[in-house]
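Visitor: Below is a structure I'd like to ask you about.
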Amino acid sequence: MQNEQEVKGQPIPGWITFLLAASCGIIVANLYYAQTLVGPISAATGLSSAAAGLIVTITQIGYVLGLLFIVPLSDIIENRRLAVVSLIVVVIALVAATFVHHAALFLTASFFIGLGSVVAQILVPYATYLASEEQRGRVVGNVMSGLLLGIMFSRPLASFTASFWGWRSVFAISAVLIAVLSVLLSRILPKRMPSRAMNYGELTLSLVTLFKQTPVLRRRAFYQASLFGAFSLFWTAVPLHLADEFGLSQQGIAWFALAGVGGAVAAPIAGRLADKGWTRRLTGLAMVLATLSFLLAFLLQGHSRAVLLLLVLAAITLDMAVSGNLVLGQRAIYSLGNEARGRLNGLFMSIFFMGGAIGSSLGGWSYAHGGWSFTSLIGTVLPLLALLYFFTEKKSGVNNV
């Protein structure tokens, strides 16, 4: 069996990087299929428009809990086995989501979809164990670009699939894909047995200590929580806005979501530039870009083709800001320590996904009560808060590597 000492720090083969990137994209897509389907899912399960955001929020809450209580297990349990068991949970939940008709049952299935999909955040730090220090930023950027492409393609793929075969087919197809992926990973992925220095109780308690003693983690998590909250708010509300204001069908919404995929190009670029010491400058740029994206969305009024094209531009630049800053944040925290990487990643991801869950809830609520203007105004405030906190970075003495 390959142990941690045998795999870490070696040049990572290109096919392993591709496998990890593709796996992360396929897995994490499950968190976002419902974003562009909130309308038909709400109608089929009896949820009100104000509560539609719960469909995404419950999934993200499950993901947060998985990040806090499952991902840290990657520091004490053999990673391949942990990943495969978690994926089996996802398959069962996806099958349930395909067939249930009651809102409570669908939300329960959504919770377990989120809980098991944390496998993506076991595989990302696993890639850093394979990579040398010199290539870590590039490897994280490449794997994260696969994950981010999964996030961004999930929305248009879900919309296109639903337009042909109905929204339930999205979850059925995903169940088959995840089942196949489980078999592939169990047979192909190299084993990694971490050095077991503590039990699970000590491991979970150590999360509090790590959070208190790691200012870079706290800062980077807040930055990404603010940006991801804005991202989730946008993609929860914009399908409703596109249908109401522009009369777009499910296919039309899919084409709009497909345009946002262009934002994933920022991930590998950010990883390479971070390796050259550009982390701080790019972080500030990401926050400014996200703020301007939502400001543009706020100023757009009417339902002309020009307004729609500018809204597409806002979606692309917002996705660029969020994906680029995510890679910067992960590279910074992966540089903090070896043995705690799984826990550091779990804390980082859980905090910023809490921001995403809040953003999803706000998206459905704000659109139902104040329309697109109110929603985009809230979206402008979120990255602006991160930018204000960013300005205190030098004073705090925190070095974002």
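Simple scheme: letters A, B, ... for chains in structure tokens order, numbers from 1 for residues in each chain, numbers from 1 for ligands in the order shown.
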Neighbouring residues of segment 159-174 of chain A were defined as those with any atom within 7 Å, considering only C-alpha atoms; residues of the same chain fewer than 5 positions away were excluded. Please report them as a list in words.

Guide: Thr36, Leu37, Leu94, Val95, Ala97, Thr98, Gln250, Gln251, Ile253 and Ala254 of chain A

Visitor: Near Ala175 of chain A, within 12 Å and counting only C-alpha atoms, which residues show up once chain neighbours fewer than 6 positions away are dropped, as a PyMOL selection string?

Guide: chain A and resi 26-27+29-30+87-98+113+168-169+181-182

Visitor: Between atom CA of Ile358 of chain A and atom CA of Pro383 of chain A, what is the distance, to one decimal in Å?

Guide: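 Interatomic distance here is 13.7 Å.
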
Visitor: From the options A:Leu210, A:Phe69, A:Ala332, A:Ile122, which residue's atoms come nearest to Thr279 of chain A, counting only C-alpha atoms?

Guide: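 Comparing A:Leu210, A:Phe69, A:Ala332, A:Ile122 against Thr279 of chain A, the winner is A:Ala332.
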
Visitor: Could you work out how far atom CA of Val143 of chain A lies from atom CA of Gly356 of chain A, giving the answer in Å with one decimal?

Guide: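 Result for atom CA of Gly356 of chain A versus atom CA of Val143 of chain A: 20.8 Å, one decimal.
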
Visitor: As an exercise, work out the distance from atom CA of Val139 of chain A to atom CA of Thr17 of chain A in Å and give it to one decimal place.

Guide: 7.1 Å

Visitor: With distances taken over only C-alpha atoms, which of A:Leu326, A:Val64, A:Ile378, A:Ala306 is nearest to Met354 of chain A?

Guide: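 For Met354 of chain A, the nearest of the candidates is A:Val64.
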
Visitor: Out of A:Pro215, A:Pro72, A:Gly371, A:Gly359, which residue has the shortest atom-to-atom distance to Met198 of chain A when counting only C-alpha atoms?

Guide: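 Nearest to Met198 of chain A: A:Pro72.
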
Visitor: What's the 10 Å shell around Leu382 of chain A, counting only C-alpha atoms, without same-chain residues fewer than 4 positions away, as a list in words?

Guide: Tyr223, Ala225, Ser226, Leu227, Phe228, Gly229, Ala230, Phe231, Leu233, Met287, Ala290, Thr291, Phe294, Gly355, Gly359, Leu377, Ile378, Ala386 and Leu387 of chain A

Visitor: Using only C-alpha atoms, which residue out of A:Leu336, A:Val265, A:Gly146, A:Lys276 lies closest to Thr317 of chain A?

Guide: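 Looking only at the distances to Thr317 of chain A, the closest residue turns out to be A:Val265.
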
Visitor: Rank nothing, just name the residue among A:Gly116, A:Gly379, A:Gly53, A:Gly201 nearest to Leu296 of chain A, using only C-alpha atoms.

Guide: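 When distances to Leu296 of chain A are compared using only C-alpha atoms, the smallest one comes from A:Gly379.
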